[in-house]
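For reference, protein-v7.cif (mmCIF, C-alpha atoms and all ligand atoms):
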data_data
loop_
_atom_site.label_atom_id
_atom_site.label_comp_id
_atom_site.auth_asym_id
_atom_site.auth_seq_id
_atom_site.Cartn_x
_atom_site.Cartn_y
_atom_site.Cartn_z
CA MET O 1 -26.42 4.89 -7.69
CA MET O 2 -23.39 7.15 -8.17
CA MET O 3 -20.23 5.46 -6.89
CA PRO O 4 -17.99 7.76 -4.85
CA LYS O 5 -14.82 8.67 -6.71
CA LEU O 6 -11.69 6.73 -5.78
CA ILE O 7 -9.11 9.13 -4.37
CA LEU O 8 -5.82 9.09 -6.27
CA GLY O 9 -2.76 9.95 -4.23
CA VAL O 10 0.24 10.53 -6.49
CA ASN O 11 3.55 9.68 -4.87
CA ILE O 12 6.32 11.91 -6.24
CA ASP O 13 9.29 10.53 -4.27
CA HIS O 14 11.02 9.37 -7.42
CA ILE O 15 11.17 12.86 -8.86
CA ALA O 16 13.35 13.58 -5.84
CA THR O 17 15.29 10.32 -6.40
CA LEU O 18 16.28 11.63 -9.84
CA ARG O 19 17.26 15.04 -8.44
CA GLN O 20 19.33 13.44 -5.68
CA ALA O 21 21.30 11.48 -8.30
CA ARG O 22 23.05 14.84 -8.99
CA ARG O 23 22.22 16.52 -5.67
CA GLY O 24 21.11 19.52 -7.71
CA ARG O 25 17.84 21.33 -8.23
CA MET O 26 16.15 19.41 -11.03
CA PRO O 27 13.73 17.86 -11.40
CA ASP O 28 11.96 19.79 -8.65
CA PRO O 29 9.41 17.71 -6.65
CA LEU O 30 7.37 20.86 -6.04
CA GLU O 31 6.94 21.35 -9.78
CA ALA O 32 5.93 17.69 -10.03
CA ALA O 33 3.41 18.15 -7.21
CA LEU O 34 1.84 21.11 -9.01
CA ILE O 35 1.65 19.19 -12.31
CA ALA O 36 0.13 16.21 -10.49
CA GLU O 37 -2.45 18.45 -8.86
CA GLU O 38 -3.32 20.09 -12.18
CA SER O 39 -3.61 16.69 -13.85
CA GLY O 40 -6.11 15.16 -11.45
CA ALA O 41 -4.23 14.01 -8.36
CA ASP O 42 -6.52 14.29 -5.34
CA LEU O 43 -3.67 14.01 -2.90
CA ILE O 44 0.10 14.46 -3.01
CA THR O 45 2.03 11.70 -1.27
CA ILE O 46 5.67 12.00 -0.21
CA HIS O 47 7.85 9.91 2.07
CA LEU O 48 10.35 11.74 4.27
CA ARG O 49 12.73 8.89 5.03
CA GLU O 50 15.12 8.99 7.96
CA ASP O 51 18.05 8.63 5.55
CA ARG O 52 16.68 11.47 3.34
CA ARG O 53 17.49 9.43 0.24
CA HIS O 54 14.93 11.27 -1.90
CA ILE O 55 12.54 13.83 -0.35
CA GLN O 56 14.34 16.46 1.76
CA ASP O 57 12.92 18.48 4.63
CA HIS O 58 12.71 21.66 2.52
CA ASP O 59 10.64 19.75 -0.09
CA VAL O 60 8.06 18.88 2.54
CA TYR O 61 7.73 22.50 3.69
CA ARG O 62 7.59 23.94 0.15
CA ILE O 63 5.08 21.35 -1.08
CA LYS O 64 2.84 21.74 1.96
CA GLU O 65 2.80 25.54 1.49
CA SER O 66 2.14 25.46 -2.26
CA ILE O 67 -0.36 22.70 -3.04
CA ARG O 68 -4.11 23.06 -2.82
CA VAL O 69 -4.89 19.35 -2.49
CA PRO O 70 -4.16 17.58 0.82
CA LEU O 71 -0.68 16.28 1.65
CA ASN O 72 -0.12 12.67 2.72
CA LEU O 73 3.22 12.33 4.51
CA GLU O 74 4.57 8.79 4.69
CA MET O 75 6.94 8.33 7.60
CA ALA O 76 8.59 5.89 9.96
CA VAL O 77 7.57 5.73 13.59
CA CYS O 78 10.56 7.73 14.76
CA ASP O 79 10.74 10.72 17.09
CA GLU O 80 12.59 13.06 14.75
CA ILE O 81 10.09 12.63 11.90
CA ILE O 82 7.10 12.73 14.27
CA GLN O 83 8.25 16.17 15.46
CA ILE O 84 8.60 17.37 11.85
CA ALA O 85 5.13 16.04 10.99
CA LEU O 86 3.56 17.75 14.01
CA HIS O 87 5.20 21.00 12.90
CA ILE O 88 4.19 20.72 9.23
CA LYS O 89 0.68 19.42 9.96
CA PRO O 90 -0.05 17.48 6.77
CA TYR O 91 -3.64 16.39 6.20
CA LYS O 92 -2.56 12.81 6.82
CA VAL O 93 0.45 10.82 7.99
CA THR O 94 0.89 7.24 6.82
CA LEU O 95 3.07 5.29 9.25
CA VAL O 96 5.30 2.78 7.50
CA PRO O 97 8.11 0.44 8.55
CA GLU O 98 11.51 1.62 7.39
CA ARG O 99 14.85 -0.12 7.05
CA ARG O 100 17.92 1.66 5.69
CA GLU O 101 18.99 -1.26 3.53
CA GLU O 102 15.61 -1.68 1.76
CA VAL O 103 15.07 -0.24 -1.72
CA THR O 104 11.42 0.54 -0.99
CA THR O 105 8.92 -0.08 1.81
CA GLU O 106 9.10 -3.85 1.71
CA GLY O 107 6.43 -4.93 4.16
CA GLY O 108 3.69 -3.62 6.37
CA LEU O 109 3.95 -2.23 9.86
CA ASN O 110 3.74 -4.92 12.57
CA VAL O 111 1.01 -3.06 14.47
CA ALA O 112 0.19 -6.12 16.58
CA LYS O 113 3.70 -5.92 18.10
CA MET O 114 3.60 -2.13 18.57
CA ILE O 115 0.27 -1.62 20.32
CA GLN O 116 1.73 0.12 23.39
CA SER O 117 3.98 2.47 21.41
CA LEU O 118 1.50 3.27 18.62
CA ARG O 119 -1.47 4.11 20.82
CA PRO O 120 -0.06 7.41 22.22
CA ILE O 121 1.33 8.37 18.79
CA CYS O 122 -2.09 7.94 17.14
CA LYS O 123 -3.59 10.00 19.95
CA GLN O 124 -0.98 12.74 19.55
CA PHE O 125 -1.67 13.02 15.81
CA ALA O 126 -5.44 12.95 16.35
CA GLU O 127 -5.14 15.79 18.88
CA ALA O 128 -3.11 17.76 16.33
CA GLY O 129 -5.91 17.29 13.78
CA ILE O 130 -3.83 14.98 11.57
CA VAL O 131 -5.40 11.82 10.14
CA VAL O 132 -3.32 8.69 10.85
CA SER O 133 -3.13 5.77 8.47
CA LEU O 134 -1.18 2.57 9.17
CA PHE O 135 0.48 0.80 6.25
CA ILE O 136 -0.15 -2.91 6.88
CA GLU O 137 -0.24 -6.24 5.11
CA PRO O 138 -3.73 -7.59 4.32
CA ASP O 139 -3.61 -9.56 7.57
CA LEU O 140 -6.61 -9.88 9.87
CA ARG O 141 -4.49 -9.66 13.05
CA GLN O 142 -2.93 -6.39 11.89
CA ILE O 143 -6.37 -4.97 11.14
CA GLN O 144 -7.65 -5.80 14.61
CA ALA O 145 -4.48 -4.28 16.10
CA SER O 146 -5.02 -1.10 14.02
CA VAL O 147 -8.44 -0.71 15.64
CA ALA O 148 -6.89 -1.36 19.06
CA VAL O 149 -4.37 1.50 18.66
CA GLY O 150 -7.11 3.92 17.63
CA ALA O 151 -6.07 4.58 14.02
CA PRO O 152 -8.94 5.78 11.82
CA CYS O 153 -7.37 4.49 8.57
CA ILE O 154 -5.23 1.71 7.19
CA GLU O 155 -3.41 1.44 3.90
CA ILE O 156 -3.17 -2.10 2.62
CA HIS O 157 0.22 -3.03 1.16
CA THR O 158 -0.49 -4.34 -2.33
CA GLY O 159 3.15 -5.33 -2.98
CA ALA O 160 2.59 -9.10 -2.69
CA TYR O 161 -0.37 -8.83 -5.10
CA SER O 162 1.62 -6.69 -7.55
CA ASN O 163 4.63 -8.98 -7.49
CA SER O 164 2.66 -12.20 -8.07
CA SER O 165 0.88 -13.67 -11.07
CA GLY O 166 -1.66 -16.36 -11.99
CA ASP O 167 -3.19 -18.35 -9.12
CA ASP O 168 -0.88 -16.71 -6.59
CA GLN O 169 -2.16 -13.31 -7.62
CA ASP O 170 -5.76 -14.50 -7.25
CA LEU O 171 -4.93 -15.67 -3.72
CA GLU O 172 -3.39 -12.29 -2.90
CA LEU O 173 -6.47 -10.58 -4.25
CA ASP O 174 -8.67 -12.76 -2.00
CA ARG O 175 -6.52 -11.78 1.00
CA ILE O 176 -6.96 -8.10 0.16
CA GLN O 177 -10.71 -8.52 -0.34
CA GLU O 178 -11.06 -10.29 3.02
CA ALA O 179 -8.94 -7.64 4.73
CA VAL O 180 -11.03 -4.80 3.29
CA THR O 181 -14.26 -6.50 4.35
CA LEU O 182 -13.06 -6.92 7.94
CA ALA O 183 -11.55 -3.43 8.14
CA THR O 184 -14.64 -1.64 6.87
CA SER O 185 -16.88 -3.71 9.17
CA LEU O 186 -14.73 -2.48 12.08
CA GLY O 187 -15.14 1.13 10.97
CA LEU O 188 -11.69 1.66 9.47
CA ARG O 189 -11.24 3.72 6.32
CA VAL O 190 -9.25 1.69 3.83
CA HIS O 191 -6.57 2.84 1.42
CA ALA O 192 -4.23 0.72 -0.70
CA GLY O 193 -0.97 1.01 -2.55
CA HIS O 194 2.43 -0.27 -3.62
CA GLY O 195 3.46 -1.65 -6.97
CA LEU O 196 0.20 -0.69 -8.68
CA THR O 197 0.32 -0.12 -12.43
CA ARG O 198 -2.18 0.65 -15.17
CA GLU O 199 -2.18 -3.11 -15.90
CA ASN O 200 -2.78 -4.49 -12.41
CA VAL O 201 -4.88 -1.76 -10.79
CA ARG O 202 -8.30 -2.75 -12.18
CA SER O 203 -8.77 -5.72 -9.85
CA ILE O 204 -7.98 -3.50 -6.87
CA VAL O 205 -10.42 -0.85 -8.08
CA ALA O 206 -13.11 -3.56 -8.26
CA ILE O 207 -12.86 -4.21 -4.50
CA SER O 208 -15.57 -2.19 -2.85
CA GLY O 209 -14.58 -0.40 0.34
CA ILE O 210 -11.20 0.92 -0.79
CA GLU O 211 -11.37 4.72 -0.76
CA GLU O 212 -7.91 5.78 -1.84
CA LEU O 213 -4.95 4.51 -3.86
CA ASN O 214 -1.40 5.77 -3.52
CA ILE O 215 0.65 5.21 -6.65
CA GLY O 216 4.15 6.41 -7.41
CA HIS O 217 6.73 4.32 -9.20
CA SER O 218 4.66 3.28 -12.22
CA ILE O 219 3.34 6.82 -12.78
CA ILE O 220 6.82 8.33 -12.67
CA SER O 221 8.15 5.51 -14.90
CA ASP O 222 5.39 6.17 -17.44
CA ALA O 223 6.09 9.89 -17.22
CA VAL O 224 9.75 9.37 -18.10
CA LEU O 225 9.02 7.30 -21.20
CA LEU O 226 5.95 9.23 -22.33
CA GLY O 227 7.82 12.53 -21.95
CA LEU O 228 11.14 11.44 -23.49
CA SER O 229 10.19 12.19 -27.06
CA SER O 230 9.11 15.76 -26.34
CA ALA O 231 12.21 16.33 -24.19
CA ILE O 232 14.45 15.29 -27.09
CA LYS O 233 12.48 17.43 -29.54
CA GLY O 234 12.84 20.37 -27.11
CA MET O 235 16.63 19.91 -27.01
CA ARG O 236 16.73 19.56 -30.83
CA GLU O 237 15.07 22.99 -31.01
CA ALA O 238 17.38 24.46 -28.38
CA ILE O 239 20.50 23.45 -30.35
CA ALA O 240 19.11 24.41 -33.75
CA LEU O 241 21.49 26.77 -35.62
N1 LIG O 301 1.94 3.58 -0.23
C1 LIG O 301 2.99 3.53 0.65
C2 LIG O 301 2.69 3.54 2.10
C3 LIG O 301 4.32 3.49 0.18
O1 LIG O 301 5.34 3.42 1.06
C4 LIG O 301 4.54 3.54 -1.21
C5 LIG O 301 5.96 3.56 -1.73
O2 LIG O 301 6.57 4.74 -1.36
C6 LIG O 301 3.44 3.63 -2.07
C7 LIG O 301 2.15 3.63 -1.56
C8 LIG O 301 3.60 3.73 -3.55
O3 LIG O 301 4.20 2.60 -4.07
P1 LIG O 301 4.69 2.61 -5.58
O4 LIG O 301 5.77 3.65 -5.68
O5 LIG O 301 5.20 1.23 -5.80
O6 LIG O 301 3.51 2.95 -6.44
#
Once more with this new file: its structure as structure tokens, please.
Amino acid sequence: MMMPKLILGVNIDHIATLRQARRGRMPDPLEAALIAEESGADLITIHLREDRRHIQDHDVYRIKESIRVPLNLEMAVCDEIIQIALHIKPYKVTLVPERREEVTTEGGLNVAKMIQSLRPICKQFAEAGIVVSLFIEPDLRQIQASVAVGAPCIEIHTGAYSNSSGDDQDLELDRIQEAVTLATSLGLRVHAGHGLTRENVRSIVAISGIEELNIGHSIISDAVLLGLSSAIKGMREAIAL
């Protein structure tokens, strides 16, 4: 039997992080999105944070207009960003928790504590034709709550798995496996991401029921090192007398 292909969402936030270090124009996240698309990304993922630390509003509009693959917009549950998302109409929004002092999305959304507020938001996105995914820990209570708010998808936070090793990592993998089994049995579509690398991704791929992975930091890190040699050679040529 042919296995369905795992969808690869490439998160390009850190291209924008590098650009924002100089607040200039390069590297351009749109160019990165087009390269990602050409190189096999099935989905482009970007996170428009409330503090705009990397992706800017104009990036979201330009990327949405220019890419052919679907756009996955990660966002906090906040009115301002919800309005932007409803205007841009990405294929999917992934709702994440957001704290200004964090360096990255450090935990999952506490859906169980947000049932009343999330229900109308999920409905609003569904009515706008936008798929909603909730970024949650592999926690059975959060999965049941995700069903209760009417979300069609969840994305399982793989950070604890990625940051652990040995027996602890096996335990984290078991938690993810259990979470995927429950979620799929309840009719949720399951995605996963955070901290995945070429080294640790295989065990996640082996879990049946996960349809999509969203990977950013390790891909951009690899790109920097794999591309450094040709960048230096390019400059060598540019300064040749
Ligand atoms: N999925 C979600 C919901 C995220 O917030 C992030 C980080 O932006 C990722 C996936 C990708 O994580 P990483 O950059 O560690 O691959």
Write out as a short mmCIF file (atom, residue, chain, number, x, y, z; two decimals) with C-alpha atoms, in the frame of the given file which residues come within 12 Å of Asn163 (chain O) when counting all atoms listed in the file, dropping same-chain ones fewer than 3 positions away.
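This is the output file out.cif:
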data_model
loop_
_atom_site.label_atom_id
_atom_site.label_comp_id
_atom_site.auth_asym_id
_atom_site.auth_seq_id
_atom_site.Cartn_x
_atom_site.Cartn_y
_atom_site.Cartn_z
CA GLU O 106 9.10 -3.85 1.71
CA HIS O 157 0.22 -3.03 1.16
CA THR O 158 -0.49 -4.34 -2.33
CA GLY O 159 3.15 -5.33 -2.98
CA ALA O 160 2.59 -9.10 -2.69
CA GLY O 166 -1.66 -16.36 -11.99
CA ASP O 168 -0.88 -16.71 -6.59
CA GLN O 169 -2.16 -13.31 -7.62
CA ASP O 170 -5.76 -14.50 -7.25
CA GLU O 172 -3.39 -12.29 -2.90
CA LEU O 173 -6.47 -10.58 -4.25
CA HIS O 194 2.43 -0.27 -3.62
CA GLY O 195 3.46 -1.65 -6.97
CA LEU O 196 0.20 -0.69 -8.68
CA THR O 197 0.32 -0.12 -12.43
CA ASN O 200 -2.78 -4.49 -12.41
#
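The residue that comes closest to ligand LIG 301 (chain O), out of O:Glu101, O:Asp42, O:Glu212, O:Glu65 and on the basis of all atoms listed in the file, is O:Glu212.
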Practice problem: Select, counting all atoms listed in the file, all protein, DNA and RNA residues no farther than 6 Å from (-14.4, 4.1, 10.4) in file coordinates, and express the selection as a PyMOL selection string. | Solution: chain O and resi 152+187-189
Practice problem: Write as a ChimeraX atom specification the residues around ligand LIG 301 (chain O), taking 9 Å as the cut-off and counting only C-alpha atoms and all ligand atoms. | Solution: /O:9-14,45-47,74-75,94-97,104-108,133-136,155-159,162,191-197,213-220
Quiz item: Near Leu140 (chain O), within 10 Å and counting all atoms listed in the file, which residues show up once chain neighbours fewer than 4 positions away are dropped, as a PyMOL selection string?
Solution: chain O and resi 136+144-146+175-176+178-180+182-183
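Across the model, the gap from CA of Ile63 (chain O) to CA of Ile204 (chain O) is 28.7 Å.
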Quiz item: Of the candidates O:Asp222, O:Glu37, O:Glu102, O:Glu211, which one gets nearest to Arg49 (chain O) if we count all atoms listed in the file?
Solution: O:Glu102
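You will find CA of Ala223 (chain O) at 12.7 Å from CA of Leu18 (chain O).
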How big is the axis-aligned box around the listed atoms of region 136-146 of chain O once 8 Å is added on each side, and where is its centre? Give both in Å to one decimal, as AutoDock Vina command-line options.
--center_x -3.9 --center_y -5.5 --center_z 10.2 --size_x 23.5 --size_y 24.8 --size_z 27.8
Quiz item: So which one's closest to Ile115 (chain O), O:Arg99, O:Arg25, O:Lys5, O:Arg141? Using all atoms listed in the file, please.
Solution: O:Arg141
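Interatomic distance, CA of Asp167 (chain O) to CA of Arg198 (chain O): 20.0 Å.
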Exercise. Can you work out which one of O:Pro70, O:Ser164, O:Arg52, O:Gly227 has the shortest atom-to-atom distance to Ala33 (chain O), counting all atoms listed in the file?
Key: O:Pro70
Quiz item: Gln20 (chain O): which residues within 12 Å, counting all atoms listed in the file, same-chain residues fewer than 6 positions away excluded, as a ChimeraX atom specification?
Solution: /O:13-14,26-29,52-56
Output C-alpha atoms for every residue in the selection just made, as a PDB file, in the frame of the given file.
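What ended up in selection_19.pdb:
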ATOM      1  CA  ASP O  13       9.290  10.530  -4.270  1.00  0.00           C
ATOM      2  CA  HIS O  14      11.020   9.370  -7.420  1.00  0.00           C
ATOM      3  CA  MET O  26      16.150  19.410 -11.030  1.00  0.00           C
ATOM      4  CA  PRO O  27      13.730  17.860 -11.400  1.00  0.00           C
ATOM      5  CA  ASP O  28      11.960  19.790  -8.650  1.00  0.00           C
ATOM      6  CA  PRO O  29       9.410  17.710  -6.650  1.00  0.00           C
ATOM      7  CA  ARG O  52      16.680  11.470   3.340  1.00  0.00           C
ATOM      8  CA  ARG O  53      17.490   9.430   0.240  1.00  0.00           C
ATOM      9  CA  HIS O  54      14.930  11.270  -1.900  1.00  0.00           C
ATOM     10  CA  ILE O  55      12.540  13.830  -0.350  1.00  0.00           C
ATOM     11  CA  GLN O  56      14.340  16.460   1.760  1.00  0.00           C
TER      12      GLN O  56
END
Self-check item: Exercise: residues within 9 Å of coordinate (-3.2, 9.4, 9.0), counting all atoms listed in the file, as a ChimeraX atom specification
Solution: /O:72-74,90-95,122,125-126,130-134,151-154
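You can rank O:Asp79, O:Arg23, O:Ser230, O:Gly209 by their closest distance to Ser185 (chain O) using all atoms listed in the file, and at the top of that list sits O:Gly209.
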